[in-house]
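Enquirer: Sharing start14.pdb below, PDB, C-alpha atoms:
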```pdb
ATOM      1  CA  GLY A   1       0.000   0.000   0.000
ATOM      2  CA  ILE A   2       1.136   3.527  -0.801
ATOM      3  CA  ASP A   3      -0.090   6.687   0.919
ATOM      4  CA  LEU A   4       0.912   9.877  -0.902
ATOM      5  CA  GLY A   5       1.733  12.994   1.089
ATOM      6  CA  ILE A   6       3.422  16.379   0.958
ATOM      7  CA  THR A   7       5.982  16.202   3.774
ATOM      8  CA  ASP A   8       6.936  12.646   2.787
ATOM      9  CA  PHE A   9       6.320  11.908  -0.900
ATOM     10  CA  ALA A  10       5.147   8.343  -0.326
ATOM     11  CA  ILE A  11       4.623   6.237   2.761
ATOM     12  CA  LEU A  12       4.713   2.502   2.095
ATOM     13  CA  SER A  13       2.805  -0.078   4.127
ATOM     14  CA  THR A  14       6.185  -1.574   5.079
ATOM     15  CA  GLY A  15       6.855   1.582   7.111
ATOM     16  CA  ARG A  16       9.351   3.056   4.639
ATOM     17  CA  LYS A  17       8.930   6.773   4.027
ATOM     18  CA  VAL A  18      10.153   8.202   0.714
ATOM     19  CA  ASP A  19      11.334  11.772   1.220
ATOM     20  CA  ASN A  20       9.797  14.587  -0.821
ATOM     21  CA  GLN A  21      12.640  16.096  -2.847
ATOM     22  CA  ARG A  22      10.999  19.561  -3.318
ATOM     23  CA  PHE A  23      12.749  20.239  -6.616
ATOM     24  CA  THR A  24      11.022  23.559  -7.313
ATOM     25  CA  ALA A  25      11.562  24.846  -3.779
ATOM     26  CA  LYS A  26      15.311  24.137  -3.985
ATOM     27  CA  MET A  27      15.650  26.166  -7.190
ATOM     28  CA  GLU A  28      13.144  28.853  -6.209
ATOM     29  CA  GLN A  29      15.678  31.529  -5.223
ATOM     30  CA  LYS A  30      17.693  31.079  -8.406
ATOM     31  CA  LEU A  31      14.529  31.051 -10.542
ATOM     32  CA  LYS A  32      13.237  34.236  -8.884
ATOM     33  CA  ARG A  33      16.514  36.033  -9.509
ATOM     34  CA  GLU A  34      16.700  34.995 -13.164
ATOM     35  CA  GLN A  35      13.036  35.826 -13.785
ATOM     36  CA  ARG A  36      13.537  39.289 -12.283
ATOM     37  CA  LYS A  37      16.425  39.856 -14.703
ATOM     38  CA  LEU A  38      14.183  38.693 -17.557
ATOM     39  CA  SER A  39      11.440  41.065 -16.459
ATOM     40  CA  ARG A  40      13.874  44.016 -16.277
ATOM     41  CA  ARG A  41      15.124  43.250 -19.784
ATOM     42  CA  TYR A  42      11.544  43.049 -21.043
ATOM     43  CA  GLU A  43      10.688  46.413 -19.486
ATOM     44  CA  GLN A  44      13.851  47.988 -20.919
ATOM     45  CA  ALA A  45      13.046  46.761 -24.433
ATOM     46  CA  LYS A  46       9.457  47.938 -24.098
ATOM     47  CA  LYS A  47      10.620  51.364 -22.894
ATOM     48  CA  GLU A  48      12.976  51.713 -25.876
ATOM     49  CA  GLY A  49      10.247  50.498 -28.243
ATOM     50  CA  ARG A  50      12.338  47.590 -29.549
ATOM     51  CA  ASN A  51      11.056  44.254 -30.816
ATOM     52  CA  LEU A  52      11.807  41.428 -28.342
ATOM     53  CA  ARG A  53      13.140  39.213 -31.141
ATOM     54  CA  GLU A  54      15.905  41.725 -31.757
ATOM     55  CA  CYS A  55      16.890  42.124 -28.068
ATOM     56  CA  MET A  56      19.643  39.563 -27.655
ATOM     57  CA  ASN A  57      20.078  40.084 -23.902
ATOM     58  CA  TYR A  58      16.373  39.383 -23.434
ATOM     59  CA  GLN A  59      16.638  36.247 -25.596
ATOM     60  CA  LYS A  60      19.697  34.980 -23.686
ATOM     61  CA  GLN A  61      17.928  35.523 -20.364
ATOM     62  CA  ARG A  62      14.753  33.844 -21.635
ATOM     63  CA  ARG A  63      16.786  30.748 -22.571
ATOM     64  CA  LYS A  64      18.502  30.791 -19.160
ATOM     65  CA  VAL A  65      15.141  30.775 -17.332
ATOM     66  CA  ALA A  66      13.845  28.028 -19.634
ATOM     67  CA  ARG A  67      16.931  25.887 -18.897
ATOM     68  CA  LEU A  68      16.380  26.264 -15.147
ATOM     69  CA  ARG A  69      12.729  25.227 -15.472
ATOM     70  CA  GLU A  70      13.729  22.329 -17.702
ATOM     71  CA  ARG A  71      16.327  21.179 -15.175
ATOM     72  CA  VAL A  72      13.716  21.104 -12.397
ATOM     73  CA  ALA A  73      11.349  19.140 -14.649
ATOM     74  CA  PHE A  74      14.072  16.620 -15.563
ATOM     75  CA  GLN A  75      15.031  16.118 -11.900
ATOM     76  CA  ARG A  76      11.405  15.475 -10.936
ATOM     77  CA  GLU A  77      10.877  13.141 -13.905
ATOM     78  CA  ASP A  78      14.018  11.156 -13.053
ATOM     79  CA  PHE A  79      12.973  10.786  -9.398
ATOM     80  CA  LEU A  80       9.448   9.628 -10.332
ATOM     81  CA  ASN A  81      10.737   7.155 -12.932
ATOM     82  CA  LYS A  82      13.273   5.591 -10.570
ATOM     83  CA  LEU A  83      10.810   5.302  -7.686
ATOM     84  CA  SER A  84       7.955   3.892  -9.778
ATOM     85  CA  THR A  85      10.237   1.333 -11.463
ATOM     86  CA  ALA A  86      11.663   0.203  -8.115
ATOM     87  CA  LEU A  87       8.174  -0.233  -6.632
ATOM     88  CA  ILE A  88       6.815  -2.090  -9.659
ATOM     89  CA  ARG A  89       9.806  -4.444  -9.778
ATOM     90  CA  HIS A  90       9.614  -5.170  -6.047
ATOM     91  CA  TYR A  91       5.842  -5.654  -5.513
ATOM     92  CA  ASP A  92       3.257  -7.705  -7.445
ATOM     93  CA  VAL A  93       0.179  -5.828  -6.188
ATOM     94  CA  ILE A  94       0.202  -2.133  -5.306
ATOM     95  CA  CYS A  95      -2.736  -0.387  -3.626
ATOM     96  CA  ILE A  96      -2.865   3.372  -4.066
ATOM     97  CA  GLU A  97      -5.521   5.897  -3.105
ATOM     98  CA  ASN A  98      -7.457   7.733  -5.795
ATOM     99  CA  LEU A  99      -6.807  11.392  -4.937
ATOM    100  CA  ASN A 100      -8.800  14.405  -6.078
ATOM    101  CA  THR A 101      -5.734  16.459  -7.038
ATOM    102  CA  LYS A 102      -7.753  18.999  -9.053
ATOM    103  CA  GLY A 103      -9.837  19.733  -5.979
ATOM    104  CA  MET A 104      -6.741  19.945  -3.781
ATOM    105  CA  LEU A 105      -5.105  22.411  -6.180
ATOM    106  CA  LYS A 106      -7.928  24.869  -5.461
ATOM    107  CA  ASN A 107      -6.517  25.290  -1.947
ATOM    108  CA  HIS A 108      -4.079  28.153  -2.603
ATOM    109  CA  LYS A 109      -1.992  27.296   0.459
ATOM    110  CA  LEU A 110      -1.229  23.767  -0.755
ATOM    111  CA  ALA A 111      -1.346  24.201  -4.544
ATOM    112  CA  LYS A 112       2.335  24.997  -5.015
ATOM    113  CA  ALA A 113       3.466  22.045  -2.874
ATOM    114  CA  ILE A 114       1.046  19.639  -4.598
ATOM    115  CA  ARG A 115       2.200  20.745  -8.051
ATOM    116  CA  ASP A 116       5.821  20.277  -7.000
ATOM    117  CA  VAL A 117       5.118  16.743  -5.697
ATOM    118  CA  SER A 118       3.440  15.679  -8.971
ATOM    119  CA  TRP A 119       1.259  12.837  -7.667
ATOM    120  CA  SER A 120      -0.723  12.389 -10.870
ATOM    121  CA  SER A 121       2.429  11.872 -12.923
ATOM    122  CA  PHE A 122       3.643   9.288 -10.386
ATOM    123  CA  VAL A 123       0.340   7.372 -10.540
ATOM    124  CA  GLN A 124       0.402   7.426 -14.367
ATOM    125  CA  LYS A 125       3.931   6.011 -14.351
ATOM    126  CA  LEU A 126       2.890   3.274 -11.916
ATOM    127  CA  MET A 127      -0.076   2.380 -14.154
ATOM    128  CA  TYR A 128       1.810   1.975 -17.415
ATOM    129  CA  LYS A 129       4.796   0.254 -15.795
ATOM    130  CA  ALA A 130       2.414  -2.179 -14.083
ATOM    131  CA  LYS A 131       1.109  -3.142 -17.536
ATOM    132  CA  TRP A 132       4.673  -3.590 -18.825
ATOM    133  CA  PHE A 133       5.723  -5.831 -15.937
ATOM    134  CA  GLY A 134       2.391  -7.656 -15.553
ATOM    135  CA  ARG A 135       1.699  -6.272 -12.073
ATOM    136  CA  LYS A 136      -1.620  -5.220 -10.569
ATOM    137  CA  ILE A 137      -2.562  -1.732  -9.362
ATOM    138  CA  VAL A 138      -5.575  -1.455  -7.054
ATOM    139  CA  GLU A 139      -7.102   2.006  -6.696
ATOM    140  CA  ILE A 140      -8.669   2.684  -3.303
ATOM    141  CA  ASP A 141     -11.663   5.033  -3.226
ATOM    142  CA  ARG A 142     -10.814   8.531  -1.990
ATOM    143  CA  PHE A 143     -13.595   8.330   0.617
ATOM    144  CA  PHE A 144     -12.331   5.062   2.163
ATOM    145  CA  PRO A 145     -11.482   5.851   5.832
ATOM    146  CA  SER A 146      -7.946   4.400   5.690
ATOM    147  CA  SER A 147      -6.522   6.728   8.355
ATOM    148  CA  GLN A 148      -9.469   6.055  10.706
ATOM    149  CA  LEU A 149      -9.308   2.231  10.695
ATOM    150  CA  CYS A 150      -6.866   0.304  12.850
ATOM    151  CA  HIS A 151      -4.830  -1.934  10.539
ATOM    152  CA  THR A 152      -4.450  -4.547  13.294
ATOM    153  CA  CYS A 153      -8.033  -5.128  14.467
ATOM    154  CA  GLY A 154     -10.109  -3.108  11.955
ATOM    155  CA  HIS A 155     -11.730  -0.900  14.620
ATOM    156  CA  ARG A 156     -12.889   2.516  13.364
ATOM    157  CA  ASP A 157     -12.117   5.344  15.786
ATOM    158  CA  GLY A 158     -13.710   8.133  13.731
ATOM    159  CA  LYS A 159     -12.347  11.291  12.156
ATOM    160  CA  LYS A 160      -9.295  12.947  13.603
ATOM    161  CA  PRO A 161      -7.880  16.379  12.786
ATOM    162  CA  LEU A 162      -4.770  16.428  10.584
ATOM    163  CA  ALA A 163      -2.713  17.687  13.530
ATOM    164  CA  ILE A 164      -3.034  14.262  15.183
ATOM    165  CA  ARG A 165      -0.238  12.234  13.545
ATOM    166  CA  VAL A 166      -0.031   9.359  16.077
ATOM    167  CA  TRP A 167      -2.974   7.778  17.883
ATOM    168  CA  THR A 168      -3.767   4.731  19.997
ATOM    169  CA  CYS A 169      -6.504   2.286  18.975
ATOM    170  CA  SER A 170      -9.208   2.231  21.673
ATOM    171  CA  SER A 171     -10.012  -1.401  20.897
ATOM    172  CA  CYS A 172      -6.629  -3.198  20.794
ATOM    173  CA  GLY A 173      -4.299  -0.514  22.217
ATOM    174  CA  THR A 174      -1.946  -0.460  19.210
ATOM    175  CA  ILE A 175      -0.035   2.796  18.718
ATOM    176  CA  LEU A 176      -0.565   3.872  15.094
ATOM    177  CA  ASP A 177       1.178   6.421  12.882
ATOM    178  CA  ARG A 178      -1.505   8.099  10.749
ATOM    179  CA  ASP A 179       0.391   7.822   7.435
ATOM    180  CA  ILE A 180       1.717   4.287   7.881
ATOM    181  CA  ASN A 181      -1.743   3.156   9.019
ATOM    182  CA  ALA A 182      -3.343   4.734   5.929
ATOM    183  CA  SER A 183      -0.885   2.954   3.627
TER     184      SER A 183
END
```
Could you write out this file's structure as structure tokens?
Expert:
Amino acid sequence: GIDLGITDFAILSTGRKVDNQRFTAKMEQKLKREQRKLSRRYEQAKKEGRNLRECMNYQKQRRKVARLRERVAFQREDFLNKLSTALIRHYDVICIENLNTKGMLKNHKLAKAIRDVSWSSFVQKLMYKAKWFGRKIVEIDRFFPSSQLCHTCGHRDGKKPLAIRVWTCSSCGTILDRDINAS
């Protein structure tokens, strides 16, 4: 089972937590600086009334920003490919929750982090690689109360706020980590 998250990219049912690399966040300062330079060059060309195709400094800066964005995209793609291939090769059946990422992106506080994590791309890679290797992917409904059920006895304790990360099952007394339990 795989539980996708923001602080940890993926939490496996084995207890292994795959760290979120935060590729965009690492390059954010550099990207901001280069985009500011690009914006200044655009404004300068506009002020002088020059065509942007003729402004070589603008064109050089535009390519520099594009290379930075491309580098971030390649890093993310490489990470997702390596992780999905490792999981598919290691496990015959993988259970993954069906997330409403479009709905989550409407939350402006989480949108940037969710876009950087790229869950949908990861799930797509798992799907097509599962077909290649003859593995099975089981999608769990997004409304299934995976973080509310005790994985040991099956007792349902009810909804808990997201701030509660560790809880004790009232039925069997097992101490449960919210993410590992959900996976």
Enquirer: Between A:Arg22, A:Arg63, A:Lys106, A:Lys30, which has the minimum distance to A:Asp8 (counting only C-alpha atoms)?
Expert: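 Result for the nearest residue to A:Asp8: A:Arg22.
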Enquirer: Quick one: distance from atom CA of A:Asp3 to atom CA of A:Asn100 in Å, one decimal?
Expert: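 Calculated distance between atom CA of A:Asp3 and atom CA of A:Asn100 is 13.6 Å.
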Enquirer: Taking the file as I've supplied it (selection: the PyMOL selection byres ((chain A and resi 75-77) around 9)), which residues are included? Please answer as a list in words.
Expert: Gln21, Arg22, Phe23, Thr24, Glu70, Arg71, Val72, Ala73, Phe74, Asp78, Phe79, Leu80, Asn81, Lys82, Asp116, Val117, Ser118, Ser121 and Phe122 of chain A
Enquirer: Here is a test: counting all atoms listed in the file, which residue of A:Lys159, A:Arg115, A:Arg69, A:His90 is nearest to A:Glu28?
Expert: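 With all atoms listed in the file as the atom set, the closest residue is A:Arg69.
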Enquirer: Report, in Å with one decimal, the straight-line distance from atom CA of A:Cys172 to atom CA of A:Leu4.
Expert: 26.4 Å
Enquirer: Calculate how many Å separate atom CA of A:Cys153 from atom CA of A:Ser170, rounding to one decimal.
Expert: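 Those two atoms sit 10.4 Å apart.
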Enquirer: Under the PyMOL selection byres ((chain A and resi 91) around 12), which residues of this model are included? Write them out as an mmCIF file with C-alpha atoms, in the frame of the given file.
Expert:
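Saved the output as selection_30.cif:
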```
data_model
loop_
_atom_site.group_PDB
_atom_site.id
_atom_site.type_symbol
_atom_site.label_atom_id
_atom_site.label_comp_id
_atom_site.auth_asym_id
_atom_site.auth_seq_id
_atom_site.Cartn_x
_atom_site.Cartn_y
_atom_site.Cartn_z
ATOM 1 C CA GLY A 1 0.000 0.000 0.000
ATOM 2 C CA ILE A 2 1.136 3.527 -0.801
ATOM 3 C CA LEU A 12 4.713 2.502 2.095
ATOM 4 C CA SER A 13 2.805 -0.078 4.127
ATOM 5 C CA THR A 14 6.185 -1.574 5.079
ATOM 6 C CA SER A 84 7.955 3.892 -9.778
ATOM 7 C CA THR A 85 10.237 1.333 -11.463
ATOM 8 C CA ALA A 86 11.663 0.203 -8.115
ATOM 9 C CA LEU A 87 8.174 -0.233 -6.632
ATOM 10 C CA ILE A 88 6.815 -2.090 -9.659
ATOM 11 C CA ARG A 89 9.806 -4.444 -9.778
ATOM 12 C CA HIS A 90 9.614 -5.170 -6.047
ATOM 13 C CA ASP A 92 3.257 -7.705 -7.445
ATOM 14 C CA VAL A 93 0.179 -5.828 -6.188
ATOM 15 C CA ILE A 94 0.202 -2.133 -5.306
ATOM 16 C CA CYS A 95 -2.736 -0.387 -3.626
ATOM 17 C CA LEU A 126 2.890 3.274 -11.916
ATOM 18 C CA LYS A 129 4.796 0.254 -15.795
ATOM 19 C CA ALA A 130 2.414 -2.179 -14.083
ATOM 20 C CA PHE A 133 5.723 -5.831 -15.937
ATOM 21 C CA GLY A 134 2.391 -7.656 -15.553
ATOM 22 C CA ARG A 135 1.699 -6.272 -12.073
ATOM 23 C CA LYS A 136 -1.620 -5.220 -10.569
ATOM 24 C CA ILE A 137 -2.562 -1.732 -9.362
#
```
Enquirer: Near A:Thr7, within 7 Å and counting all atoms listed in the file, which residues show up once chain neighbours fewer than 2 positions away are dropped, as a ChimeraX atom specification?
Expert: /A:5,9,20
Enquirer: Kindly indicate which residue among A:Met104, A:Cys150, A:Leu83, A:Phe143 lies nearest to A:Val18, using only C-alpha atoms for the distances.
Expert: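 Under the stated criterion, the closest residue is A:Leu83.
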Enquirer: Do a neighbour search on A:Gly103 at 12 Å with only C-alpha atoms, toss out local chain neighbours closer than 5 positions, and write the hits as a list in words.
Expert: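 Counting only the stated atoms, we get His108, Leu110, Ala111, Ile114 and Arg142 of chain A.
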